[in-house]
Amino acid sequence: MSTPATERTNLLGLPRPALEEFVRSLGSRPFRARQLMSWIYKRGAAAFADMTDLARELRVRLKEAAEVRAPQVISVQRSADGTRKWLLRADVAQAFEMVFIPEEGRGTLCISSQVGCALDCSFCATAQQGFNRNLSTAEIVGQVWLAARELERDARAARGVGAEAGEISERHITNVVLMGMGEPLANFRNVVPALDILLDDFGFDLSRRRVTLSTSGLVPQIYRLARVSNVALAVSLHAPDDALRNELVPINRKHGIAELLEACWHYLDERNGRSVTFEYVMLEGVNDSPAQARALARLLRGHPAKVNLIPFNPFPGTRYRRSSAPVIQRFRDELLQRGVLATVRRTRGDDIDAACGQLAGRVIDRTTVRLGNKIIGVAVQP
Ligand code: SAH
């Protein structure tokens, strides 16, 4: 009798200690977990029958009790600049997104941690759809696993090599950022085991400096994270004072800027980190004046901080506009002159709504276009 797929344990959700326990429960020695992980993460294998160096008995048991199941792809869009966006299924009416951004010498995968978001930042498209649910560990890890497989398949097709041959030939994904939909620290329980798998030598084996968790500023969870993980931290600051940040990032009313920065420096001390990246979305006439740049410099100078200025990406219904390029440059120069490192994030994938803050998980069916729970229009069949 075979177990229905939904009752099987999805191995993508198990960090190494849990997988060892699982393998033991199937009557095998725990070290088999490492072999199993190599098959899954290094070779992108999903079928236990292919895992030929595992005992036949274990393969049979695994087939009955386990599966390697990534989220289902609804659609893939490619941008003119090579950026690729996947729309992935959460359930019948809900979807979430991930984005791959190829650059010279590196490939960054931007993954989601929740379907929707509860934080209600005023300039973010994801906020408009409200919060739907947390992604499971398997769904978070499954994004990376799926993207690695699809990128490998395409690389092979480009070289004219068959899909079945060998293992994953190169590292297409060198960096993973939790900067897609959702607030990762609001899904702490599922995100932390996913980080463990990303960093595990037998998992994706990414260096801790190449995995970045971005948070809107959930202060207690930053302290919690400092106890269990050491990935790179990015913080969505967006304003140099509490009055403005209260408006843009409402969680600030609970945990103000001073408290947030304290948590950031604690994280670095505790985890021996190099610096915290502060994201700052450039909104015309809102937070982009030279005086605000100077106020930001006063907050950060002398601390291990980097500022990443993000040109605002518009979405339907927003009241904000992007600051002009000269204004962004001026803002950056004000920071640099005061000894605060600052870079401007290059906008990628905006022609397919894949840029920062544009991810909304739209599900298009035959009749309606849904943005979260709201029906926003009637779709024209593509
Ligand atoms: N919830 C987390 C993860 C989202 S990361 C966080 O807030 O950090 C996505 C980054 O893009 C955040 O810095 C977010 O503030 C920023 N962002 C959101 N909407 C944007 C928009 N419309 N244009 C540019 N950046 C935006």
# chains A, B, ... in the order shown; residues from 1 in each chain; ligands from 1

$ residues_near_ligand --ligand "ligand 1" --cutoff "7 Å" --atoms "only C-alpha atoms and all ligand atoms" --output "JSON, numbers by chain"
{"A": [123, 124, 125, 178, 179, 180, 181, 182, 183, 184, 214, 215, 216, 234, 235, 236, 279, 280, 281, 310, 311, 312, 313, 314, 315, 356, 357, 358]}

$ closest_atom_pairs --of "segment 175-263 of chain A" --to "segment 132-151 of chain A" --cutoff "8 Å" --atoms "only C-alpha atoms" --output "CSV"
residue,atom,partner,partner_atom,distance
A:Asn187,CA,A:Asn134,CA,6.1
A:Asn190,CA,A:Thr137,CA,4.7
A:Val191,CA,A:Thr137,CA,6.2
A:Pro193,CA,A:Thr137,CA,6.6
A:Ala194,CA,A:Thr137,CA,5.4
A:Ile197,CA,A:Val141,CA,7.4
A:Leu198,CA,A:Val141,CA,7.5

$ write_last_selection --atoms "all heavy atoms" --output "PDB file, in the first residue's frame"
ATOM      1  N   ASN A 187       8.063  34.709  10.424  1.00  0.00           N
ATOM      2  CA  ASN A 187       7.915  33.267  10.182  1.00  0.00           C
ATOM      3  C   ASN A 187       9.169  32.556  10.676  1.00  0.00           C
ATOM      4  O   ASN A 187       9.743  31.700  10.003  1.00  0.00           O
ATOM      5  CB  ASN A 187       7.684  33.018   8.683  1.00  0.00           C
ATOM      6  CG  ASN A 187       7.405  31.549   8.358  1.00  0.00           C
ATOM      7  OD1 ASN A 187       7.136  30.745   9.246  1.00  0.00           O
ATOM      8  ND2 ASN A 187       7.486  31.207   7.086  1.00  0.00           N
ATOM      9  N   ASN A 190       9.794  28.580  10.695  1.00  0.00           N
ATOM     10  CA  ASN A 190      10.065  27.881   9.443  1.00  0.00           C
ATOM     11  C   ASN A 190      11.297  28.419   8.720  1.00  0.00           C
ATOM     12  O   ASN A 190      11.941  27.691   7.965  1.00  0.00           O
ATOM     13  CB  ASN A 190       8.856  27.978   8.514  1.00  0.00           C
ATOM     14  CG  ASN A 190       7.632  27.288   9.091  1.00  0.00           C
ATOM     15  OD1 ASN A 190       7.760  26.401   9.937  1.00  0.00           O
ATOM     16  ND2 ASN A 190       6.458  27.692   8.663  1.00  0.00           N
ATOM     17  N   VAL A 191      11.610  29.692   8.955  1.00  0.00           N
ATOM     18  CA  VAL A 191      12.742  30.306   8.249  1.00  0.00           C
ATOM     19  C   VAL A 191      14.082  29.789   8.788  1.00  0.00           C
ATOM     20  O   VAL A 191      14.995  29.486   8.018  1.00  0.00           O
ATOM     21  CB  VAL A 191      12.662  31.854   8.335  1.00  0.00           C
ATOM     22  CG1 VAL A 191      13.996  32.510   7.989  1.00  0.00           C
ATOM     23  CG2 VAL A 191      11.569  32.380   7.396  1.00  0.00           C
ATOM     24  N   PRO A 193      15.117  26.860  10.196  1.00  0.00           N
ATOM     25  CA  PRO A 193      15.576  25.582   9.630  1.00  0.00           C
ATOM     26  C   PRO A 193      15.924  25.688   8.146  1.00  0.00           C
ATOM     27  O   PRO A 193      16.850  25.007   7.670  1.00  0.00           O
ATOM     28  CB  PRO A 193      14.374  24.643   9.821  1.00  0.00           C
ATOM     29  CG  PRO A 193      13.487  25.303  10.810  1.00  0.00           C
ATOM     30  CD  PRO A 193      13.767  26.771  10.778  1.00  0.00           C
ATOM     31  N   ALA A 194      15.228  26.571   7.415  1.00  0.00           N
ATOM     32  CA  ALA A 194      15.563  26.753   5.999  1.00  0.00           C
ATOM     33  C   ALA A 194      16.959  27.351   5.858  1.00  0.00           C
ATOM     34  O   ALA A 194      17.753  26.926   5.009  1.00  0.00           O
ATOM     35  CB  ALA A 194      14.518  27.647   5.321  1.00  0.00           C
ATOM     36  N   ILE A 197      19.585  24.708   6.246  1.00  0.00           N
ATOM     37  CA  ILE A 197      19.770  23.866   5.056  1.00  0.00           C
ATOM     38  C   ILE A 197      20.558  24.631   3.978  1.00  0.00           C
ATOM     39  O   ILE A 197      21.396  24.054   3.292  1.00  0.00           O
ATOM     40  CB  ILE A 197      18.406  23.370   4.521  1.00  0.00           C
ATOM     41  CG1 ILE A 197      17.746  22.445   5.562  1.00  0.00           C
ATOM     42  CG2 ILE A 197      18.576  22.651   3.176  1.00  0.00           C
ATOM     43  CD1 ILE A 197      16.311  22.046   5.249  1.00  0.00           C
ATOM     44  N   LEU A 198      20.303  25.926   3.857  1.00  0.00           N
ATOM     45  CA  LEU A 198      21.059  26.721   2.874  1.00  0.00           C
ATOM     46  C   LEU A 198      22.548  26.722   3.195  1.00  0.00           C
ATOM     47  O   LEU A 198      23.390  26.698   2.300  1.00  0.00           O
ATOM     48  CB  LEU A 198      20.551  28.165   2.839  1.00  0.00           C
ATOM     49  CG  LEU A 198      19.135  28.398   2.300  1.00  0.00           C
ATOM     50  CD1 LEU A 198      18.765  29.876   2.364  1.00  0.00           C
ATOM     51  CD2 LEU A 198      19.028  27.914   0.859  1.00  0.00           C
TER      52      LEU A 198
END

$ residues_around --residues "Thr108 of chain A" --least-positions-apart "3" --cutoff "9 Å" --atoms "only C-alpha atoms" --output "PDB file with N, CA and C atoms, in the first residue's frame"
ATOM      1  N   VAL A  99      12.545  35.396  -7.530  1.00  0.00           N
ATOM      2  CA  VAL A  99      13.188  36.101  -8.635  1.00  0.00           C
ATOM      3  C   VAL A  99      14.662  35.716  -8.683  1.00  0.00           C
ATOM      4  N   PHE A 100      15.165  35.424  -9.883  1.00  0.00           N
ATOM      5  CA  PHE A 100      16.591  35.159 -10.064  1.00  0.00           C
ATOM      6  C   PHE A 100      17.211  36.328 -10.811  1.00  0.00           C
ATOM      7  N   ILE A 101      18.302  36.843 -10.274  1.00  0.00           N
ATOM      8  CA  ILE A 101      18.957  38.016 -10.855  1.00  0.00           C
ATOM      9  C   ILE A 101      20.394  37.654 -11.229  1.00  0.00           C
ATOM     10  N   PRO A 102      20.655  37.404 -12.528  1.00  0.00           N
ATOM     11  CA  PRO A 102      22.018  37.070 -12.932  1.00  0.00           C
ATOM     12  C   PRO A 102      22.866  38.323 -13.067  1.00  0.00           C
ATOM     13  N   GLU A 103      24.083  38.236 -12.566  1.00  0.00           N
ATOM     14  CA  GLU A 103      25.029  39.339 -12.729  1.00  0.00           C
ATOM     15  C   GLU A 103      26.368  38.733 -13.089  1.00  0.00           C
ATOM     16  N   HIS A 172      24.795  28.001 -10.134  1.00  0.00           N
ATOM     17  CA  HIS A 172      24.063  29.103 -10.764  1.00  0.00           C
ATOM     18  C   HIS A 172      23.664  30.128  -9.720  1.00  0.00           C
ATOM     19  N   ILE A 173      23.323  29.603  -8.540  1.00  0.00           N
ATOM     20  CA  ILE A 173      22.880  30.482  -7.457  1.00  0.00           C
ATOM     21  C   ILE A 173      24.031  30.630  -6.469  1.00  0.00           C
ATOM     22  N   THR A 174      24.641  31.818  -6.444  1.00  0.00           N
ATOM     23  CA  THR A 174      25.754  32.042  -5.516  1.00  0.00           C
ATOM     24  C   THR A 174      25.292  32.760  -4.261  1.00  0.00           C
ATOM     25  N   ASN A 175      24.156  33.449  -4.360  1.00  0.00           N
ATOM     26  CA  ASN A 175      23.647  34.231  -3.231  1.00  0.00           C
ATOM     27  C   ASN A 175      22.141  34.018  -3.093  1.00  0.00           C
ATOM     28  N   VAL A 176      21.698  33.924  -1.862  1.00  0.00           N
ATOM     29  CA  VAL A 176      20.252  33.845  -1.633  1.00  0.00           C
ATOM     30  C   VAL A 176      19.865  34.997  -0.717  1.00  0.00           C
ATOM     31  N   VAL A 177      18.837  35.735  -1.089  1.00  0.00           N
ATOM     32  CA  VAL A 177      18.352  36.817  -0.238  1.00  0.00           C
ATOM     33  C   VAL A 177      16.888  36.575   0.115  1.00  0.00           C
TER      34      VAL A 177
END

$ closest_residue --among "A:Leu58, A:Asp81, A:His255, A:Phe204" --to "Arg346 of chain A" --atoms "only C-alpha atoms"
A:Asp81

$ closest_residue --among "A:Glu97, A:Glu284, A:Asp333, A:Asp241" --to "Leu299 of chain A" --atoms "only C-alpha atoms"
A:Asp241

$ residues_around --residues "segment 39-45 of chain A" --least-positions-apart "2" --cutoff "9 Å" --atoms "only C-alpha atoms" --output "list of chain:residue names"
A:Leu11, A:Leu12, A:Arg34, A:Gln35, A:Leu36, A:Met37, A:Ala47, A:Phe48, A:Asp50, A:Met51, A:Val68, A:Trp145, A:Leu146, A:Ala148, A:Arg149, A:Gly166, A:Glu167, A:Ile168, A:Ser169, A:Phe202, A:Gly203, A:Phe204, A:Asp205

$ write_last_selection --atoms "N, CA and C atoms" --output "short mmCIF file (atom, residue, chain, number, x, y, z; two decimals), in the first residue's frame"
data_model
loop_
_atom_site.label_atom_id
_atom_site.label_comp_id
_atom_site.auth_asym_id
_atom_site.auth_seq_id
_atom_site.Cartn_x
_atom_site.Cartn_y
_atom_site.Cartn_z
N LEU A 11 11.19 15.91 2.35
CA LEU A 11 12.55 15.99 2.88
C LEU A 11 13.15 17.39 2.75
N LEU A 12 12.60 18.20 1.85
CA LEU A 12 13.10 19.58 1.71
C LEU A 12 12.85 20.40 2.97
N ARG A 34 23.34 12.17 5.24
CA ARG A 34 24.27 13.02 4.48
C ARG A 34 24.31 12.63 3.02
N GLN A 35 24.27 11.31 2.78
CA GLN A 35 24.23 10.84 1.39
C GLN A 35 22.97 11.34 0.70
N LEU A 36 21.89 11.22 1.45
CA LEU A 36 20.60 11.63 0.91
C LEU A 36 20.61 13.12 0.58
N MET A 37 21.17 13.90 1.48
CA MET A 37 21.24 15.35 1.23
C MET A 37 22.10 15.65 0.02
N ALA A 47 14.05 11.61 -7.27
CA ALA A 47 13.58 10.22 -7.29
C ALA A 47 14.53 9.33 -6.49
N PHE A 48 13.98 8.67 -5.46
CA PHE A 48 14.83 7.83 -4.60
C PHE A 48 15.43 6.67 -5.37
N ASP A 50 16.81 6.69 -8.11
CA ASP A 50 18.08 7.08 -8.74
C ASP A 50 19.25 7.09 -7.77
N MET A 51 18.95 7.05 -6.47
CA MET A 51 20.01 7.25 -5.48
C MET A 51 20.71 5.93 -5.22
N VAL A 68 10.40 14.41 -2.26
CA VAL A 68 11.14 15.66 -2.42
C VAL A 68 10.25 16.50 -3.31
N TRP A 145 15.82 25.00 -4.37
CA TRP A 145 16.02 23.70 -5.02
C TRP A 145 15.46 23.72 -6.45
N LEU A 146 14.28 24.28 -6.57
CA LEU A 146 13.62 24.35 -7.87
C LEU A 146 14.38 25.25 -8.83
N ALA A 148 17.53 26.09 -8.76
CA ALA A 148 18.82 25.49 -9.12
C ALA A 148 18.61 24.46 -10.23
N ARG A 149 17.55 23.66 -10.10
CA ARG A 149 17.28 22.64 -11.13
C ARG A 149 16.91 23.26 -12.46
N GLY A 166 24.59 13.27 -15.22
CA GLY A 166 25.41 13.80 -14.14
C GLY A 166 24.72 14.68 -13.12
N GLU A 167 25.52 15.44 -12.41
CA GLU A 167 24.98 16.28 -11.36
C GLU A 167 24.95 17.73 -11.79
N ILE A 168 24.52 18.56 -10.85
CA ILE A 168 24.46 19.99 -11.16
C ILE A 168 25.88 20.49 -11.40
N SER A 169 26.10 21.05 -12.60
CA SER A 169 27.46 21.24 -13.08
C SER A 169 28.11 22.51 -12.56
N PHE A 202 26.28 19.81 3.50
CA PHE A 202 25.62 18.78 2.70
C PHE A 202 24.34 19.30 2.06
N GLY A 203 23.96 20.52 2.41
CA GLY A 203 22.81 21.17 1.79
C GLY A 203 23.30 22.03 0.63
N PHE A 204 22.88 23.28 0.60
CA PHE A 204 23.31 24.15 -0.50
C PHE A 204 24.72 24.67 -0.30
N ASP A 205 25.24 24.51 0.92
CA ASP A 205 26.63 24.83 1.17
C ASP A 205 26.97 26.29 0.82
#

$ atom_distance --atom1 "atom CA of Ala93 of chain A" --atom2 "atom CA of Ala46 of chain A"
26.5 Å

$ select_by_dssp --residues "segment 254-338 of chain A" --states "strand (DSSP E)" --output "PyMOL selection string"
chain A and resi 276-282+305-311

$ residues_around --residues "Phe188 of chain A" --least-positions-apart "6" --cutoff "10 Å" --atoms "only C-alpha atoms" --output "list of chain:residue names"
A:Ser113, A:Asn134, A:Ala194, A:Gln221, A:Ile222, A:Arg224, A:Leu225

$ write_last_selection --atoms "N, CA, C and O atoms" --output "JSON list (two decimals), in the first residue's frame"
[["chain", "number", "residue", "atom", "x", "y", "z"],
["A", 113, "SER", "N", 9.16, 34.36, 1.98],
["A", 113, "SER", "CA", 9.02, 33.62, 3.25],
["A", 113, "SER", "C", 7.57, 33.51, 3.70],
["A", 113, "SER", "O", 7.25, 32.71, 4.57],
["A", 134, "ASN", "N", 2.07, 31.70, 6.37],
["A", 134, "ASN", "CA", 3.50, 31.43, 6.37],
["A", 134, "ASN", "C", 3.83, 30.36, 5.36],
["A", 134, "ASN", "O", 3.05, 29.41, 5.19],
["A", 194, "ALA", "N", 15.23, 26.57, 7.41],
["A", 194, "ALA", "CA", 15.56, 26.75, 6.00],
["A", 194, "ALA", "C", 16.96, 27.35, 5.86],
["A", 194, "ALA", "O", 17.75, 26.93, 5.01],
["A", 221, "GLN", "N", 12.84, 39.47, 17.54],
["A", 221, "GLN", "CA", 13.28, 38.35, 16.69],
["A", 221, "GLN", "C", 14.71, 38.52, 16.20],
["A", 221, "GLN", "O", 15.36, 37.54, 15.86],
["A", 222, "ILE", "N", 15.21, 39.75, 16.12],
["A", 222, "ILE", "CA", 16.63, 39.94, 15.76],
["A", 222, "ILE", "C", 17.49, 39.36, 16.89],
["A", 222, "ILE", "O", 18.49, 38.68, 16.63],
["A", 224, "ARG", "N", 16.58, 37.00, 18.92],
["A", 224, "ARG", "CA", 16.42, 35.54, 18.85],
["A", 224, "ARG", "C", 17.29, 34.96, 17.75],
["A", 224, "ARG", "O", 17.93, 33.92, 17.91],
["A", 225, "LEU", "N", 17.30, 35.65, 16.60],
["A", 225, "LEU", "CA", 18.10, 35.17, 15.47],
["A", 225, "LEU", "C", 19.58, 35.11, 15.84],
["A", 225, "LEU", "O", 20.29, 34.19, 15.44]]

$ decode --residues "segment 52-160 of chain A" --atoms "C-alpha atoms" --output "mmCIF file, in the first residue's frame"
data_model
loop_
_atom_site.group_PDB
_atom_site.id
_atom_site.type_symbol
_atom_site.label_atom_id
_atom_site.label_comp_id
_atom_site.auth_asym_id
_atom_site.auth_seq_id
_atom_site.Cartn_x
_atom_site.Cartn_y
_atom_site.Cartn_z
ATOM 1 C CA THR A 52 21.986 4.164 -6.311
ATOM 2 C CA ASP A 53 24.481 4.219 -3.468
ATOM 3 C CA LEU A 54 21.709 3.933 -0.877
ATOM 4 C CA ALA A 55 20.687 0.425 0.158
ATOM 5 C CA ARG A 56 17.750 -0.836 -1.870
ATOM 6 C CA GLU A 57 15.733 -1.381 1.263
ATOM 7 C CA LEU A 58 16.146 2.225 2.327
ATOM 8 C CA ARG A 59 15.182 3.433 -1.130
ATOM 9 C CA VAL A 60 11.984 1.401 -0.950
ATOM 10 C CA ARG A 61 11.146 2.755 2.500
ATOM 11 C CA LEU A 62 11.863 6.300 1.399
ATOM 12 C CA LYS A 63 9.600 5.899 -1.573
ATOM 13 C CA GLU A 64 6.778 4.889 0.725
ATOM 14 C CA ALA A 65 7.274 7.455 3.457
ATOM 15 C CA ALA A 66 8.986 10.451 1.887
ATOM 16 C CA GLU A 67 9.099 12.779 -1.061
ATOM 17 C CA VAL A 68 11.137 15.661 -2.423
ATOM 18 C CA ARG A 69 8.505 18.133 -3.475
ATOM 19 C CA ALA A 70 9.126 21.738 -4.508
ATOM 20 C CA PRO A 71 6.348 24.290 -4.969
ATOM 21 C CA GLN A 72 4.427 23.971 -8.214
ATOM 22 C CA VAL A 73 5.282 26.502 -10.921
ATOM 23 C CA ILE A 74 2.325 28.491 -12.239
ATOM 24 C CA SER A 75 4.306 30.602 -14.664
ATOM 25 C CA VAL A 76 7.782 31.881 -15.449
ATOM 26 C CA GLN A 77 8.536 35.307 -16.850
ATOM 27 C CA ARG A 78 11.819 36.523 -18.230
ATOM 28 C CA SER A 79 12.921 40.117 -18.259
ATOM 29 C CA ALA A 80 14.876 41.749 -21.061
ATOM 30 C CA ASP A 81 17.802 42.051 -18.594
ATOM 31 C CA GLY A 82 17.924 38.296 -17.886
ATOM 32 C CA THR A 83 16.030 38.476 -14.592
ATOM 33 C CA ARG A 84 13.559 35.654 -14.216
ATOM 34 C CA LYS A 85 10.456 35.534 -12.055
ATOM 35 C CA TRP A 86 8.568 32.420 -11.033
ATOM 36 C CA LEU A 87 5.006 32.492 -9.846
ATOM 37 C CA LEU A 88 4.553 29.552 -7.471
ATOM 38 C CA ARG A 89 1.403 27.995 -6.148
ATOM 39 C CA ALA A 90 0.512 28.296 -2.465
ATOM 40 C CA ASP A 91 -3.016 26.945 -2.827
ATOM 41 C CA VAL A 92 -5.971 27.207 -5.169
ATOM 42 C CA ALA A 93 -6.235 30.985 -5.175
ATOM 43 C CA GLN A 94 -2.925 32.140 -3.730
ATOM 44 C CA ALA A 95 0.549 32.388 -5.124
ATOM 45 C CA PHE A 96 3.988 33.660 -4.202
ATOM 46 C CA GLU A 97 6.995 34.679 -6.203
ATOM 47 C CA MET A 98 10.732 34.236 -6.452
ATOM 48 C CA VAL A 99 13.188 36.101 -8.635
ATOM 49 C CA PHE A 100 16.591 35.159 -10.064
ATOM 50 C CA ILE A 101 18.957 38.016 -10.855
ATOM 51 C CA PRO A 102 22.018 37.070 -12.932
ATOM 52 C CA GLU A 103 25.029 39.339 -12.729
ATOM 53 C CA GLU A 104 28.624 39.121 -13.847
ATOM 54 C CA GLY A 105 30.179 36.364 -11.728
ATOM 55 C CA ARG A 106 27.195 35.820 -9.506
ATOM 56 C CA GLY A 107 23.558 34.817 -9.436
ATOM 57 C CA THR A 108 21.201 35.996 -6.725
ATOM 58 C CA LEU A 109 17.973 34.249 -5.904
ATOM 59 C CA CYS A 110 15.408 36.352 -4.072
ATOM 60 C CA ILE A 111 12.964 34.098 -2.218
ATOM 61 C CA SER A 112 9.705 34.595 -0.360
ATOM 62 C CA SER A 113 9.023 33.623 3.248
ATOM 63 C CA GLN A 114 5.278 34.275 3.448
ATOM 64 C CA VAL A 115 2.296 34.525 1.147
ATOM 65 C CA GLY A 116 1.439 38.201 1.520
ATOM 66 C CA CYS A 117 2.650 40.208 4.474
ATOM 67 C CA ALA A 118 1.106 41.610 7.634
ATOM 68 C CA LEU A 119 3.444 44.558 8.107
ATOM 69 C CA ASP A 120 1.681 47.097 5.935
ATOM 70 C CA CYS A 121 4.636 49.211 4.779
ATOM 71 C CA SER A 122 3.042 51.999 2.780
ATOM 72 C CA PHE A 123 5.318 51.773 -0.289
ATOM 73 C CA CYS A 124 5.278 47.986 -0.802
ATOM 74 C CA ALA A 125 3.042 46.095 -3.242
ATOM 75 C CA THR A 126 3.082 42.919 -1.150
ATOM 76 C CA ALA A 127 1.527 44.819 1.775
ATOM 77 C CA GLN A 128 -1.539 45.640 -0.305
ATOM 78 C CA GLN A 129 -2.641 42.039 -0.459
ATOM 79 C CA GLY A 130 -2.545 41.548 3.278
ATOM 80 C CA PHE A 131 -1.268 38.431 5.011
ATOM 81 C CA ASN A 132 -2.283 35.008 3.814
ATOM 82 C CA ARG A 133 -0.018 32.440 5.436
ATOM 83 C CA ASN A 134 3.498 31.435 6.372
ATOM 84 C CA LEU A 135 5.452 29.347 3.905
ATOM 85 C CA SER A 136 6.668 26.024 5.276
ATOM 86 C CA THR A 137 10.370 25.232 5.554
ATOM 87 C CA ALA A 138 9.962 22.895 2.570
ATOM 88 C CA GLU A 139 8.399 25.691 0.520
ATOM 89 C CA ILE A 140 11.222 28.083 1.394
ATOM 90 C CA VAL A 141 13.998 25.570 0.682
ATOM 91 C CA GLY A 142 11.992 24.256 -2.283
ATOM 92 C CA GLN A 143 12.311 27.618 -4.025
ATOM 93 C CA VAL A 144 16.102 27.368 -4.061
ATOM 94 C CA TRP A 145 16.022 23.695 -5.023
ATOM 95 C CA LEU A 146 13.616 24.349 -7.872
ATOM 96 C CA ALA A 147 15.484 27.368 -9.230
ATOM 97 C CA ALA A 148 18.816 25.487 -9.124
ATOM 98 C CA ARG A 149 17.278 22.640 -11.132
ATOM 99 C CA GLU A 150 15.637 24.865 -13.688
ATOM 100 C CA LEU A 151 18.765 26.979 -14.184
ATOM 101 C CA GLU A 152 20.833 23.811 -14.630
ATOM 102 C CA ARG A 153 18.348 22.412 -17.124
ATOM 103 C CA ASP A 154 18.535 25.603 -19.176
ATOM 104 C CA ALA A 155 22.311 25.746 -19.011
ATOM 105 C CA ARG A 156 22.418 22.191 -20.322
ATOM 106 C CA ALA A 157 19.956 22.902 -23.084
ATOM 107 C CA ALA A 158 22.128 25.860 -24.099
ATOM 108 C CA ARG A 159 25.155 23.554 -24.266
ATOM 109 C CA GLY A 160 23.184 20.856 -26.048
#
